[in-house]
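The structure appears right after this line, and notes come after that.
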Amino acid sequence: MLKITTGLFTALAVLVSACVILYWRDTAYDPSGMDLISYLLLLPLAITAILLSPYFMHKGMQRYKKQKEEQQRKAAETAAQREAEAQESLKPKPAECTQFELNIYSAAAWHSFGENEAILEQSRQFKSPELDPDLCNAYGLPLLSFRIQALDELAQLDGDDTAARSTVREKRIQQLLRHQIEQHAETLWHVSGHLQRSALYYDSELARQYRMHPAWTDSDYAEDESENRLNSAPEPVAKLNRLSIHILLPENLVHHCTEAAQKQMLRIFADEYSILPAQIKIEHHFIRQEEAYSAWLKLLEQIAQREHEFSLIINADSEIDQEWLDEQLCQTEQYIASEFAASWCAAGSKTSICGLAPRKTLKITLNEPQAAQFLQQNQLNELAQLEQDQPFILMLDDAADVRSAKKLQRQFAGTAVEMHNFLYIRQIFGDTQRVAKIFAFMLGMHFPEELTGMVYSADMDSAYAYFEACPHEEYS
């Protein structure tokens, strides 16, 4: 561009100078110094500028557009970067791997296969359902079921007015709940005594209520003993505020849970175990089948984090009811009903009970994507049972589910765990599956003490749980 401008200016300067000089000579004009500068220098320069102005304007417009585009590009990049940062901040951060534990003091389970360890033993033998003596399909043919025969008599003997207005299913579930409470009588008596001693030491109002009703705490209550108890100084104990009772039922029973039944259960604990109602909290959890496993782990985590609290967890379901089955048979002709119940007495690791030692400790790891990493961190890959053929991992999913099977193989690839180490438990519930995974999980407590029982479900493939036997100690 500089060459073009210089060449054009030179050519114009020569041409204009020749014309001006010839004109001055013909007219005999005597130019001054200013005339020379104006006509021989400034005039060619002005003509050059005029001739090149379109080009300079074109170049200026191009440069302006380029600058404008550059500014827009930078603004777009800045906006895109801010948007990306905003979206990144909105994205849920990968959850950190966490582990929690809780102590289990007593456990019970009831199924048509038997109670406790017998259920696992029968499951290993692939025991099938039996023809039900009372249930039949639309054609009058008997149905297969997992009926607890011993529960029939208990349900018939229930003469309570509330129970008389209940359906067969509700009656059987209530009996399952009562049966499970009875299995923890010894544990609950220890908890009752600790609650009383804790109230006398930490809570003056509860202590006053206990002193007003000394017969609640001793069946051999006498006047002189009451006087001594009133005047004696309370013994220091670990603080215990409450007994929480968690009842886990299928979601379709949410409208069948009556206030009268809850009051009756509260009365059972208050009367039979001499616990003040103020120290009892009953919570009903109505579980959806799709969210059963995640809801269960969330509940266990909440219990593990609560200090000064002891929990009784009961899970129950029954579909041994002809009216209920008639509704289900409208959707499928082959419906296998079952009934079961399981319960734990559990508390967080920071809670201790006078005179009571935990049987096992349940340890749960969340957000751990690698099974090998979980086994290594908890030193489970060194267990001798890995070399044995006996199953010790409860698999809560359907054995015929291809997706679950593939996920299972992928998760435990590269570990010493083999497929024969898994015990598939789903088939023992038939089609009664709404809270079946919770029951199956609770069965993990009934593995032999020499085995470290584990539980796994593809519903939460980054969650692992195992039961560790506690050393036998004497607590006072």
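Just remember, in the structure tokens the first chain shown is A, the second B, etc., residues are 1-based per chain, and ligands are 1-based in the order shown.
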Spatial neighbours of stretch 164-181 of chain A, 10 Å, only C-alpha atoms, chain gap at least 4 places, as a count of residues only: 46
Test item: residues at most 12 Å from A:Pro448, only C-alpha atoms, excluding those fewer than 5 positions along its chain, as a ChimeraX atom specification: /A:116-118,120-121,359-360,385,390-392,443,453-454,467-469
Backbone-only DSSP, strand (DSSP E or B) members of stretch 336-365 of chain A, as a PyMOL selection string: chain A and resi 337-348+353+356+360-365
Restrict the selected residues to N, CA, C and O atoms and save them as a JSON list (two decimals), in the first residue's frame.
```json
[["chain", "number", "residue", "atom", "x", "y", "z"],
["A", 337, "ALA", "N", -48.67, -65.67, 46.67],
["A", 337, "ALA", "CA", -48.69, -64.77, 47.83],
["A", 337, "ALA", "C", -47.78, -65.33, 48.93],
["A", 337, "ALA", "O", -47.56, -66.53, 49.03],
["A", 338, "SER", "N", -47.29, -64.44, 49.75],
["A", 338, "SER", "CA", -46.46, -64.85, 50.88],
["A", 338, "SER", "C", -46.67, -63.89, 52.04],
["A", 338, "SER", "O", -47.34, -62.86, 51.90],
["A", 339, "GLU", "N", -46.07, -64.21, 53.16],
["A", 339, "GLU", "CA", -46.10, -63.34, 54.33],
["A", 339, "GLU", "C", -44.80, -63.55, 55.11],
["A", 339, "GLU", "O", -44.22, -64.65, 55.10],
["A", 340, "PHE", "N", -44.35, -62.49, 55.75],
["A", 340, "PHE", "CA", -43.06, -62.55, 56.43],
["A", 340, "PHE", "C", -42.94, -61.35, 57.36],
["A", 340, "PHE", "O", -43.67, -60.36, 57.22],
["A", 341, "ALA", "N", -42.00, -61.43, 58.26],
["A", 341, "ALA", "CA", -41.71, -60.31, 59.17],
["A", 341, "ALA", "C", -40.29, -60.47, 59.68],
["A", 341, "ALA", "O", -39.80, -61.59, 59.88],
["A", 342, "ALA", "N", -39.62, -59.35, 59.84],
["A", 342, "ALA", "CA", -38.26, -59.34, 60.39],
["A", 342, "ALA", "C", -38.11, -58.11, 61.27],
["A", 342, "ALA", "O", -38.80, -57.10, 61.06],
["A", 343, "SER", "N", -37.23, -58.18, 62.24],
["A", 343, "SER", "CA", -37.07, -57.06, 63.17],
["A", 343, "SER", "C", -35.65, -57.04, 63.72],
["A", 343, "SER", "O", -34.99, -58.07, 63.84],
["A", 344, "TRP", "N", -35.22, -55.84, 64.06],
["A", 344, "TRP", "CA", -33.92, -55.61, 64.69],
["A", 344, "TRP", "C", -34.11, -54.67, 65.88],
["A", 344, "TRP", "O", -34.96, -53.78, 65.87],
["A", 345, "CYS", "N", -33.28, -54.85, 66.88],
["A", 345, "CYS", "CA", -33.06, -53.84, 67.91],
["A", 345, "CYS", "C", -31.67, -53.26, 67.62],
["A", 345, "CYS", "O", -30.68, -53.99, 67.67],
["A", 346, "ALA", "N", -31.62, -51.99, 67.31],
["A", 346, "ALA", "CA", -30.37, -51.41, 66.84],
["A", 346, "ALA", "C", -30.18, -50.00, 67.40],
["A", 346, "ALA", "O", -31.13, -49.36, 67.85],
["A", 347, "ALA", "N", -28.93, -49.55, 67.35],
["A", 347, "ALA", "CA", -28.59, -48.19, 67.79],
["A", 347, "ALA", "C", -27.27, -47.79, 67.16],
["A", 347, "ALA", "O", -26.51, -48.64, 66.68],
["A", 348, "GLY", "N", -27.01, -46.50, 67.16],
["A", 348, "GLY", "CA", -25.74, -46.00, 66.65],
["A", 348, "GLY", "C", -24.58, -46.48, 67.49],
["A", 348, "GLY", "O", -24.74, -46.90, 68.65],
["A", 353, "ILE", "N", -26.02, -49.50, 76.04],
["A", 353, "ILE", "CA", -27.13, -49.90, 76.91],
["A", 353, "ILE", "C", -26.58, -50.72, 78.07],
["A", 353, "ILE", "O", -25.78, -51.65, 77.86],
["A", 356, "LEU", "N", -26.19, -54.79, 78.20],
["A", 356, "LEU", "CA", -26.51, -55.30, 76.87],
["A", 356, "LEU", "C", -25.34, -55.09, 75.93],
["A", 356, "LEU", "O", -24.79, -53.99, 75.84],
["A", 360, "LYS", "N", -23.95, -58.02, 66.51],
["A", 360, "LYS", "CA", -23.19, -57.76, 65.30],
["A", 360, "LYS", "C", -23.20, -56.26, 65.02],
["A", 360, "LYS", "O", -24.07, -55.53, 65.50],
["A", 361, "THR", "N", -22.23, -55.84, 64.24],
["A", 361, "THR", "CA", -22.17, -54.46, 63.76],
["A", 361, "THR", "C", -22.40, -54.45, 62.27],
["A", 361, "THR", "O", -21.73, -55.17, 61.52],
["A", 362, "LEU", "N", -23.36, -53.65, 61.83],
["A", 362, "LEU", "CA", -23.64, -53.50, 60.41],
["A", 362, "LEU", "C", -22.86, -52.30, 59.90],
["A", 362, "LEU", "O", -23.00, -51.19, 60.41],
["A", 363, "LYS", "N", -22.04, -52.53, 58.87],
["A", 363, "LYS", "CA", -21.26, -51.45, 58.27],
["A", 363, "LYS", "C", -21.70, -51.27, 56.82],
["A", 363, "LYS", "O", -21.72, -52.24, 56.05],
["A", 364, "ILE", "N", -22.06, -50.06, 56.47],
["A", 364, "ILE", "CA", -22.58, -49.75, 55.13],
["A", 364, "ILE", "C", -21.70, -48.69, 54.49],
["A", 364, "ILE", "O", -21.42, -47.65, 55.10],
["A", 365, "THR", "N", -21.27, -48.95, 53.28],
["A", 365, "THR", "CA", -20.47, -48.01, 52.50],
["A", 365, "THR", "C", -21.31, -47.50, 51.33],
["A", 365, "THR", "O", -21.89, -48.30, 50.60]]
```
Within 12 Å of A:Ala400 using only C-alpha atoms, minus same-chain residues under 6 positions, as an NGL selection string: :A and (406 or 424 or 426-427)
Nearest residue to A:Leu394 from the set A:Gly444, A:Gly430, A:Gly355, A:Pro369 (distances using only C-alpha atoms):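 Smallest separation from A:Leu394 among the options: A:Gly444.
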Nearest to A:Val435 by atom-to-atom distance, counting only C-alpha atoms, from A:Ala278, A:Cys97, A:Cys136, A:Ile287: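 Using only C-alpha atoms, A:Val435 sits closest to A:Ile287.
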Residue among A:Ala86, A:Met34, A:Leu40, A:Ala138 lying closest to A:Thr10, counting only C-alpha atoms: A:Leu40
For atom CA of A:Asn252 and atom CA of A:Met442, the interatomic separation in Å (one decimal):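 Computing the Euclidean distance for atom CA of A:Asn252 and atom CA of A:Met442 yields 21.6 Å.
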Straight-line distance linking atom CA of A:Leu12 with atom CA of A:Pro44, stated in Å to one decimal: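 Spanning atom CA of A:Leu12 to atom CA of A:Pro44 is a straight-line distance of 5.5 Å.
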Nearest-residue call for A:Ser128, choices A:Ile428, A:Val20, A:Leu2, A:Asp459, using only C-alpha atoms: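 When distances to A:Ser128 are compared using only C-alpha atoms, the smallest one comes from A:Ile428.
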All helix (DSSP H, G or I) residues (DSSP, backbone) inside stretch 219-345 of chain A, as a ChimeraX atom specification: /A:223-231,251-253,259-272,277-279,289-305,322-329
A:Ile336 environment, 9 Å, only C-alpha atoms, sequence neighbours closer than 4 positions dropped, as number ranges by chain: A: 129, 143-146, 429-432
Go ahead and write the selection's residues with N, CA and C atoms as a CSV table (one decimal), in the first residue's frame.
```csv
chain,number,residue,atom,x,y,z
A,129,PRO,N,-42.9,-73.0,47.0
A,129,PRO,CA,-44.2,-72.7,47.8
A,129,PRO,C,-45.1,-74.0,47.7
A,143,LEU,N,-54.3,-72.3,45.1
A,143,LEU,CA,-53.1,-71.5,44.7
A,143,LEU,C,-51.9,-71.9,45.5
A,144,LEU,N,-50.7,-71.6,45.0
A,144,LEU,CA,-49.5,-71.8,45.7
A,144,LEU,C,-49.2,-70.5,46.6
A,145,SER,N,-48.7,-70.7,47.8
A,145,SER,CA,-48.4,-69.6,48.6
A,145,SER,C,-47.3,-70.0,49.6
A,146,PHE,N,-46.7,-68.9,50.2
A,146,PHE,CA,-45.8,-69.1,51.3
A,146,PHE,C,-46.5,-68.7,52.6
A,429,PHE,N,-40.3,-65.0,48.2
A,429,PHE,CA,-41.4,-64.1,48.5
A,429,PHE,C,-42.5,-64.2,47.5
A,430,GLY,N,-42.3,-65.0,46.5
A,430,GLY,CA,-43.3,-65.1,45.4
A,430,GLY,C,-43.5,-63.7,44.8
A,431,ASP,N,-44.8,-63.3,44.7
A,431,ASP,CA,-45.1,-62.0,44.1
A,431,ASP,C,-45.3,-60.9,45.2
A,432,THR,N,-45.1,-61.2,46.4
A,432,THR,CA,-45.2,-60.2,47.5
A,432,THR,C,-43.9,-59.5,47.6
```
